[in-house]
file run_20.cif (mmCIF, C-alpha atoms)
data_input
loop_
_atom_site.label_atom_id
_atom_site.label_comp_id
_atom_site.auth_asym_id
_atom_site.auth_seq_id
_atom_site.Cartn_x
_atom_site.Cartn_y
_atom_site.Cartn_z
CA MET A 1 126.68 96.47 134.39
CA PRO A 2 123.61 97.85 132.56
CA ALA A 3 124.03 101.36 131.15
CA TRP A 4 121.23 102.80 133.27
CA VAL A 5 122.85 101.45 136.44
CA GLN A 6 126.17 103.03 135.46
CA GLN A 7 124.41 106.33 134.80
CA TYR A 8 122.70 106.48 138.20
CA LEU A 9 125.86 105.36 139.95
CA MET A 10 127.89 108.12 138.30
CA GLN A 11 125.23 110.69 139.21
CA PHE A 12 125.39 109.58 142.84
CA ILE A 13 129.20 109.78 142.85
CA ASP A 14 129.06 113.24 141.25
CA LEU A 15 126.69 114.41 143.96
CA ILE A 16 129.10 113.28 146.66
CA TYR A 17 132.13 114.92 145.10
CA ALA A 18 130.22 118.14 144.43
CA TYR A 19 129.99 118.68 148.22
CA LEU A 20 133.52 117.59 149.21
CA PRO A 21 135.49 120.85 149.59
CA GLN A 22 138.80 121.07 147.76
CA LEU A 23 141.60 123.63 147.80
CA VAL A 24 141.67 126.14 144.97
CA PRO A 25 144.25 124.86 142.43
CA SER A 26 147.45 126.75 141.77
CA GLN A 27 147.68 129.26 138.96
CA ALA A 28 149.90 126.83 137.05
CA ALA A 29 147.29 124.04 137.33
CA LEU A 30 144.49 126.37 136.22
CA GLU A 31 146.55 127.56 133.26
CA ALA A 32 147.38 123.99 132.22
CA CYS A 33 143.72 122.89 132.38
CA LYS A 34 142.29 121.82 129.02
CA ILE A 35 138.52 121.31 129.07
CA ILE A 36 136.89 119.11 126.44
CA SER A 37 133.18 119.29 125.67
CA HIS A 38 131.79 115.75 125.41
CA ARG A 39 129.74 115.72 122.19
CA GLY A 40 129.53 119.51 122.38
CA GLU A 41 127.47 121.67 124.74
CA HIS A 42 124.06 120.05 124.44
CA ASP A 43 120.87 119.28 126.31
CA ASN A 44 119.31 117.06 123.59
CA ILE A 45 116.17 119.16 123.83
CA VAL A 46 117.04 122.46 122.19
CA ILE A 47 120.65 121.76 121.22
CA MET A 48 121.45 118.23 120.13
CA GLU A 49 124.74 116.45 120.79
CA ASN A 50 127.37 116.14 118.07
CA THR A 51 125.89 119.01 116.04
CA ILE A 52 127.38 122.27 114.82
CA ALA A 53 125.16 124.15 117.27
CA ALA A 54 126.58 122.15 120.19
CA PHE A 55 130.17 122.58 119.06
CA ASP A 56 129.69 126.29 118.36
CA LEU A 57 128.37 126.90 121.85
CA ALA A 58 131.41 125.23 123.37
CA ARG A 59 133.86 127.16 121.21
CA LYS A 60 132.17 130.54 121.77
CA ASN A 61 132.61 130.04 125.50
CA GLY A 62 136.32 129.38 125.25
CA VAL A 63 136.28 125.61 125.70
CA TRP A 64 139.61 124.17 124.56
CA GLY A 65 138.39 120.99 122.85
CA ILE A 66 135.41 119.03 121.60
CA GLU A 67 134.89 115.27 121.68
CA CYS A 68 132.97 113.75 118.78
CA ASP A 69 132.21 110.37 117.21
CA ILE A 70 132.70 109.10 113.64
CA ARG A 71 130.16 107.03 111.74
CA TRP A 72 130.12 106.19 108.02
CA THR A 73 127.43 106.68 105.39
CA LYS A 74 126.58 104.13 102.71
CA ASP A 75 128.89 105.92 100.25
CA LEU A 76 131.67 105.99 102.89
CA VAL A 77 131.56 109.61 103.96
CA PRO A 78 132.58 110.07 107.63
CA VAL A 79 129.94 111.91 109.65
CA ILE A 80 129.60 112.89 113.29
CA SER A 81 127.21 110.78 115.36
CA HIS A 82 127.55 108.74 118.53
CA ASP A 83 124.77 106.29 117.65
CA PRO A 84 124.56 104.13 114.52
CA ASN A 85 121.02 105.41 113.93
CA GLY A 86 118.99 108.56 114.54
CA GLN A 87 116.45 107.16 117.00
CA ARG A 88 117.71 108.47 120.36
CA ILE A 89 118.55 112.00 119.25
CA PHE A 90 116.28 112.69 116.27
CA LYS A 91 113.46 110.15 116.78
CA ASP A 92 114.25 108.60 113.41
CA PRO A 93 115.32 104.92 113.48
CA VAL A 94 117.16 105.06 110.16
CA ARG A 95 120.68 103.63 110.24
CA ILE A 96 123.35 106.05 109.11
CA ASN A 97 125.18 103.46 107.02
CA SER A 98 122.01 102.74 105.05
CA LEU A 99 121.97 106.25 103.53
CA THR A 100 124.32 108.11 101.25
CA ALA A 101 125.71 111.39 102.55
CA ALA A 102 123.22 113.31 100.39
CA GLU A 103 120.31 111.22 101.66
CA LEU A 104 121.46 111.66 105.26
CA ARG A 105 121.69 115.44 104.84
CA GLU A 106 118.14 115.47 103.49
CA ARG A 107 116.74 113.25 106.25
CA LEU A 108 118.85 114.25 109.28
CA PRO A 109 120.32 117.64 108.35
CA GLN A 110 121.78 118.34 111.80
CA ILE A 111 124.36 115.55 111.47
CA PRO A 112 127.58 117.20 110.24
CA THR A 113 130.32 115.59 108.20
CA LEU A 114 133.86 115.25 109.48
CA SER A 115 134.93 117.58 106.66
CA GLU A 116 132.65 120.29 108.03
CA LEU A 117 134.03 119.76 111.51
CA VAL A 118 137.60 120.21 110.27
CA GLU A 119 136.60 123.25 108.21
CA TYR A 120 134.86 125.00 111.13
CA TYR A 121 137.03 123.96 114.09
CA GLY A 122 140.31 122.65 112.74
CA GLY A 123 143.17 124.62 114.23
CA ASN A 124 141.03 126.65 116.63
CA THR A 125 139.47 123.90 118.76
CA HIS A 126 141.14 120.62 119.67
CA LEU A 127 139.33 117.61 118.22
CA MET A 128 139.04 114.39 120.23
CA ILE A 129 137.72 112.02 117.57
CA GLU A 130 136.31 108.70 118.73
CA VAL A 131 136.45 105.76 116.34
CA LYS A 132 133.28 103.69 116.68
CA ASP A 133 132.82 99.94 116.42
CA GLU A 134 130.94 99.37 113.18
CA PRO A 135 131.48 97.69 109.80
CA TYR A 136 134.40 98.94 107.71
CA PRO A 137 133.59 97.56 104.24
CA GLU A 138 136.54 99.31 102.55
CA PRO A 139 139.09 99.85 105.33
CA GLU A 140 141.92 101.10 103.11
CA GLN A 141 139.64 103.56 101.30
CA GLN A 142 138.10 104.73 104.58
CA GLN A 143 141.50 105.19 106.15
CA GLN A 144 142.67 107.21 103.16
CA THR A 145 139.52 109.35 103.39
CA LEU A 146 140.23 110.16 107.04
CA LYS A 147 143.86 110.87 106.29
CA SER A 148 142.91 113.25 103.48
CA ILE A 149 140.30 115.14 105.51
CA LEU A 150 142.64 115.55 108.47
CA ALA A 151 145.69 116.43 106.37
CA PRO A 152 145.47 120.20 107.08
CA LEU A 153 145.73 119.51 110.82
CA GLN A 154 148.69 118.49 112.94
CA PRO A 155 148.13 115.39 115.10
CA GLY A 156 148.72 116.00 118.77
CA ARG A 157 148.46 119.75 118.42
CA ASP A 158 145.06 119.78 116.68
CA TYR A 159 143.51 116.35 117.23
CA HIS A 160 143.75 112.87 118.77
CA PHE A 161 141.89 109.62 118.20
CA LEU A 162 139.94 107.86 120.96
CA ALA A 163 138.48 104.36 121.07
CA LEU A 164 136.73 102.13 123.59
CA ASP A 165 138.28 99.10 121.89
CA PRO A 166 141.98 99.55 121.08
CA GLU A 167 141.66 97.19 118.11
CA LEU A 168 139.76 100.00 116.37
CA PHE A 169 142.99 101.96 116.08
CA GLU A 170 143.77 99.66 113.14
CA GLN A 171 141.28 101.82 111.22
CA VAL A 172 143.41 104.92 111.83
CA ASN A 173 146.92 103.46 111.85
CA PHE A 174 148.19 106.18 109.52
CA LEU A 175 148.98 107.93 112.81
CA PRO A 176 151.58 106.66 115.29
CA PRO A 177 150.14 105.15 118.50
CA GLU A 178 151.22 108.18 120.55
CA PHE A 179 148.18 109.98 119.13
CA HIS A 180 145.75 107.24 120.20
CA PHE A 181 143.99 107.18 123.57
CA THR A 182 141.92 104.31 124.89
CA VAL A 183 138.69 105.09 126.74
CA ALA A 184 138.27 102.92 129.84
CA GLU A 185 134.97 102.00 131.41
CA LEU A 186 135.20 99.30 134.10
CA ASN A 187 138.09 97.63 132.26
CA VAL A 188 140.65 100.18 133.46
CA ARG A 189 143.42 97.70 134.36
CA LYS A 190 143.25 95.92 131.00
CA LEU A 191 143.26 99.09 128.91
CA SER A 192 145.92 100.71 131.06
CA GLN A 193 148.22 97.76 130.45
CA HIS A 194 147.48 97.87 126.73
CA ALA A 195 148.30 101.58 126.54
CA LEU A 196 151.56 101.02 128.37
CA THR A 197 152.71 98.03 126.32
CA GLN A 198 151.65 99.46 122.95
CA GLY A 199 153.07 102.94 123.49
CA LEU A 200 149.78 104.79 123.15
CA GLY A 201 149.40 108.43 124.08
CA GLY A 202 147.63 107.48 127.27
CA LEU A 203 144.28 106.68 128.80
CA THR A 204 140.98 108.39 129.51
CA GLY A 205 138.11 107.35 131.77
CA HIS A 206 135.97 108.24 134.76
CA TYR A 207 137.78 110.33 137.37
CA LEU A 208 137.04 107.88 140.18
CA LEU A 209 138.59 104.93 138.32
CA LEU A 210 141.81 106.59 137.17
CA ASN A 211 143.58 106.79 140.52
CA ASN A 212 146.91 108.42 141.34
CA ASP A 213 148.87 105.17 141.23
CA LEU A 214 147.68 104.47 137.69
CA LYS A 215 148.30 108.09 136.75
CA SER A 216 151.89 107.86 137.97
CA ARG A 217 152.57 104.68 135.95
CA HIS A 218 151.47 106.35 132.73
CA GLU A 219 153.24 109.62 133.39
CA ALA A 220 156.46 107.73 134.11
CA VAL A 221 156.59 106.71 130.43
CA GLY A 222 155.44 110.07 129.09
CA GLN A 223 151.76 109.21 128.66
CA SER A 224 148.82 111.44 129.60
CA ILE A 225 145.61 110.86 131.54
CA GLY A 226 142.29 112.50 130.78
CA THR A 227 139.36 112.22 133.18
CA GLY A 228 135.61 112.64 132.82
CA PHE A 229 132.93 113.51 133.39
CA ILE A 230 133.60 116.51 135.59
CA ALA A 231 130.37 118.20 136.63
CA SER A 232 131.15 120.49 139.61
CA LYS A 233 133.63 123.02 140.95
CA TYR A 234 135.01 120.76 143.66
CA CYS A 235 135.40 117.84 141.30
CA LEU A 236 137.30 120.10 138.89
CA PHE A 237 139.52 121.31 141.74
CA ARG A 238 140.19 117.71 142.81
CA GLU A 239 141.37 116.75 139.34
CA LEU A 240 143.54 119.83 138.84
CA ASN A 241 145.11 119.46 142.28
CA ARG A 242 146.28 115.96 141.38
CA GLY A 243 147.78 117.12 138.11
CA ILE A 244 145.12 116.16 135.57
CA GLU A 245 145.14 118.50 132.57
CA TRP A 246 142.56 116.95 130.21
CA ILE A 247 139.10 117.44 131.67
CA PHE A 248 136.17 115.89 129.78
CA SER A 249 132.72 117.19 130.71
CA ASN A 250 129.08 117.10 129.68
CA HIS A 251 128.89 120.60 131.18
CA ALA A 252 132.03 122.04 129.64
CA VAL A 253 130.82 125.64 129.42
CA ARG A 254 129.99 125.73 133.12
CA ILE A 255 133.30 124.10 134.04
CA GLN A 256 135.18 126.49 131.74
CA LYS A 257 133.60 129.49 133.46
CA ILE A 258 134.65 128.15 136.87
CA ARG A 259 138.21 127.65 135.67
CA ASP A 260 138.31 131.13 134.09
CA GLN A 261 136.89 132.77 137.22
CA TYR A 262 139.57 131.35 139.49
CA LEU A 263 142.37 131.91 137.01
CA ASN A 264 141.35 135.57 136.75
CA GLN A 265 141.49 135.85 140.54
CA CYS A 266 145.02 134.44 140.50
CA THR A 267 146.23 136.94 137.90
CA ARG A 268 144.76 140.11 139.42
#

call {"tool": "encode", "arguments": {"input": "run_20.cif", "output": "structure tokens"}}
result
Amino acid sequence: MPAWVQQYLMQFIDLIYAYLPQLVPSQAALEACKIISHRGEHDNIVIMENTIAAFDLARKNGVWGIECDIRWTKDLVPVISHDPNGQRIFKDPVRINSLTAAELRERLPQIPTLSELVEYYGGNTHLMIEVKDEPYPEPEQQQQTLKSILAPLQPGRDYHFLALDPELFEQVNFLPPEFHFTVAELNVRKLSQHALTQGLGGLTGHYLLLNNDLKSRHEAVGQSIGTGFIASKYCLFRELNRGIEWIFSNHAVRIQKIRDQYLNQCTR
């Protein structure tokens, strides 16, 4: 399915769920809720995705975690960018892996390094780090670089790895599979089975595709489910009422404020 079709379909589904009333979740469900800002709090007009400004805005508003994406420079420095080039976000078609880290900082200064991310947010904001499908010219060196940068953090408590393709976890196999989460699109059944058979930490994907039956199968073996992309109060309530704790959102600050509002009402 073309990306633009998926986008409009998800927007239509979000609109429906935004107007389907749901019960207010229990205090326990609200307390357990962990909201993750997808690429930081951004609009890609004033604040660009996967930048320090986007991550700062999420953290300052109490959002539990941030999702980000790793790319590699020519000199094998891991940096934070969803796309392999700067065209969509910065209107610069240059490929990230064609520049050294110094050249990238000069040309696209808003792209942070993974080291900066760990320095600013490690230990105070949970990092959901997505491994991207791109060339790995020196896999052992690159793996050692990641291991070194993340060494001050505790896996599970401070960060997890995500990937659309579970084969990419080979690039980060210095961590046990329990800290790896596959990201399902329309291939939910296939990736669910892979997570179960390989002993991964669990599965993430769109809230409509990760149904309660699938959720139960993963929870039965101690795995977790994370759903996205929650965009409204009622959709948040739906997920919390069915026991989802990890909530990914492109509007994390708004969703965090809704959660905080109702939790405060419970504790008065």

call {"tool": "residues_near_point", "arguments": {"input": "run_20.cif", "point": "(134.0, 126.4, 117.4)", "cutoff": "8 Å", "atoms": "only C-alpha atoms", "output": "PyMOL selection string"}}
result
chain A and resi 55-60+120-121+124-125

call {"tool": "write_last_selection", "arguments": {"input": "run_20.cif", "atoms": "C-alpha atoms", "output": "mmCIF file, keeping the file's coordinate frame"}}
result
data_model
loop_
_atom_site.group_PDB
_atom_site.id
_atom_site.type_symbol
_atom_site.label_atom_id
_atom_site.label_comp_id
_atom_site.auth_asym_id
_atom_site.auth_seq_id
_atom_site.Cartn_x
_atom_site.Cartn_y
_atom_site.Cartn_z
ATOM 1 C CA PHE A 55 130.170 122.580 119.060
ATOM 2 C CA ASP A 56 129.690 126.290 118.360
ATOM 3 C CA LEU A 57 128.370 126.900 121.850
ATOM 4 C CA ALA A 58 131.410 125.230 123.370
ATOM 5 C CA ARG A 59 133.860 127.160 121.210
ATOM 6 C CA LYS A 60 132.170 130.540 121.770
ATOM 7 C CA TYR A 120 134.860 125.000 111.130
ATOM 8 C CA TYR A 121 137.030 123.960 114.090
ATOM 9 C CA ASN A 124 141.030 126.650 116.630
ATOM 10 C CA THR A 125 139.470 123.900 118.760
#

call {"tool": "closest_atom_pairs", "arguments": {"input": "run_20.cif", "of": "stretch 5-45 of chain A", "to": "stretch 239-258 of chain A", "cutoff": "6 Å", "atoms": "all atoms listed in the file", "output": "JSON lines"}}
result
{"residue": "A:Pro25", "atom": "CA", "partner": "A:Asn241", "partner_atom": "CA", "distance": 5.5}
{"residue": "A:Ala29", "atom": "CA", "partner": "A:Leu240", "partner_atom": "CA", "distance": 5.8}
{"residue": "A:Ala32", "atom": "CA", "partner": "A:Glu245", "partner_atom": "CA", "distance": 5.9}
{"residue": "A:Cys33", "atom": "CA", "partner": "A:Glu245", "partner_atom": "CA", "distance": 4.6}
{"residue": "A:Lys34", "atom": "CA", "partner": "A:Trp246", "partner_atom": "CA", "distance": 5.0}
{"residue": "A:Ile35", "atom": "CA", "partner": "A:Ile247", "partner_atom": "CA", "distance": 4.7}
{"residue": "A:Ile36", "atom": "CA", "partner": "A:Phe248", "partner_atom": "CA", "distance": 4.7}
{"residue": "A:Ser37", "atom": "CA", "partner": "A:Ala252", "partner_atom": "CA", "distance": 5.0}
{"residue": "A:His38", "atom": "CA", "partner": "A:Asn250", "partner_atom": "CA", "distance": 5.2}

call {"tool": "write_last_selection", "arguments": {"input": "run_20.cif", "atoms": "C-alpha atoms", "output": "mmCIF file, keeping the file's coordinate frame"}}
result
data_model
loop_
_atom_site.group_PDB
_atom_site.id
_atom_site.type_symbol
_atom_site.label_atom_id
_atom_site.label_comp_id
_atom_site.auth_asym_id
_atom_site.auth_seq_id
_atom_site.Cartn_x
_atom_site.Cartn_y
_atom_site.Cartn_z
ATOM 1 C CA PRO A 25 144.250 124.860 142.430
ATOM 2 C CA ALA A 29 147.290 124.040 137.330
ATOM 3 C CA ALA A 32 147.380 123.990 132.220
ATOM 4 C CA CYS A 33 143.720 122.890 132.380
ATOM 5 C CA LYS A 34 142.290 121.820 129.020
ATOM 6 C CA ILE A 35 138.520 121.310 129.070
ATOM 7 C CA ILE A 36 136.890 119.110 126.440
ATOM 8 C CA SER A 37 133.180 119.290 125.670
ATOM 9 C CA HIS A 38 131.790 115.750 125.410
#

call {"tool": "resolve_selection", "arguments": {"input": "run_20.cif", "expression": "the PyMOL selection byres ((chain A and resi 76-78) around 9)", "output": "NGL selection string"}}
result
:A and (70-75 or 79-80 or 97 or 100-101 or 113-115 or 136-138 or 141-142 or 145-146)

call {"tool": "resolve_selection", "arguments": {"input": "run_20.cif", "expression": "the PyMOL selection byres ((chain A and resi 262) around 12)", "output": "ChimeraX atom specification"}}
result
/A:23-31,33,233,236-237,255-261,263-268

call {"tool": "atom_distance", "arguments": {"input": "run_20.cif", "atom1": "atom CA of A:Leu209", "atom2": "atom CA of A:Asp14"}}
result
13.0 Å

call {"tool": "atom_distance", "arguments": {"input": "run_20.cif", "atom1": "atom CA of A:Gln223", "atom2": "atom CA of A:Leu153"}}
result
21.5 Å

call {"tool": "resolve_selection", "arguments": {"input": "run_20.cif", "expression": "the PyMOL selection byres ((chain A and resi 133) around 9)", "output": "list in words"}}
result
Arg71, Val131, Lys132, Glu134, Pro135, Tyr136, Ala163, Leu164, Asp165 and Leu168 of chain A

call {"tool": "atom_distance", "arguments": {"input": "run_20.cif", "atom1": "atom CA of A:Asn173", "atom2": "atom CA of A:Gln198"}}
result
12.7 Å

call {"tool": "closest_residue", "arguments": {"input": "run_20.cif", "among": "A:Ile66, A:Ala220, A:Leu104, A:Ile13", "to": "A:Ile52", "atoms": "all atoms listed in the file"}}
result
A:Ile66

call {"tool": "closest_residue", "arguments": {"input": "run_20.cif", "among": "A:Lys91, A:His42, A:His206, A:Arg189", "to": "A:Met10", "atoms": "all atoms listed in the file"}}
result
A:His206

call {"tool": "axis_aligned_box", "arguments": {"input": "run_20.cif", "around": "stretch 100-117 of chain A", "padding_each_side": "5 Å", "output": "AutoDock Vina command-line options"}}
result
--center_x 125.8 --center_y 114.2 --center_z 106.1 --size_x 28.2 --size_y 22.2 --size_z 21.4

call {"tool": "closest_residue", "arguments": {"input": "run_20.cif", "among": "A:Asn212, A:Leu196, A:Gly228, A:Arg217", "to": "A:Glu67", "atoms": "all atoms listed in the file"}}
result
A:Gly228

call {"tool": "closest_residue", "arguments": {"input": "run_20.cif", "among": "A:Glu49, A:Asp43, A:Glu116, A:Asp69", "to": "A:Ile149", "atoms": "only C-alpha atoms"}}
result
A:Glu116

call {"tool": "closest_residue", "arguments": {"input": "run_20.cif", "among": "A:Gly40, A:Pro84, A:Pro93, A:Pro176", "to": "A:His160", "atoms": "all atoms listed in the file"}}
result
A:Pro176

call {"tool": "residues_around", "arguments": {"input": "run_20.cif", "residues": "A:Gln154", "least_positions_apart": "4", "cutoff": "10 Å", "atoms": "only C-alpha atoms", "output": "list in words"}}
result
Gly122, Gly123, Leu150, Asp158, Tyr159 and His160 of chain A

call {"tool": "write_last_selection", "arguments": {"input": "run_20.cif", "atoms": "C-alpha atoms", "output": "PDB file, in the frame of the given file"}}
result
ATOM      1  CA  GLY A 122     140.310 122.650 112.740  1.00  0.00           C
ATOM      2  CA  GLY A 123     143.170 124.620 114.230  1.00  0.00           C
ATOM      3  CA  LEU A 150     142.640 115.550 108.470  1.00  0.00           C
ATOM      4  CA  ASP A 158     145.060 119.780 116.680  1.00  0.00           C
ATOM      5  CA  TYR A 159     143.510 116.350 117.230  1.00  0.00           C
ATOM      6  CA  HIS A 160     143.750 112.870 118.770  1.00  0.00           C
TER       7      HIS A 160
END
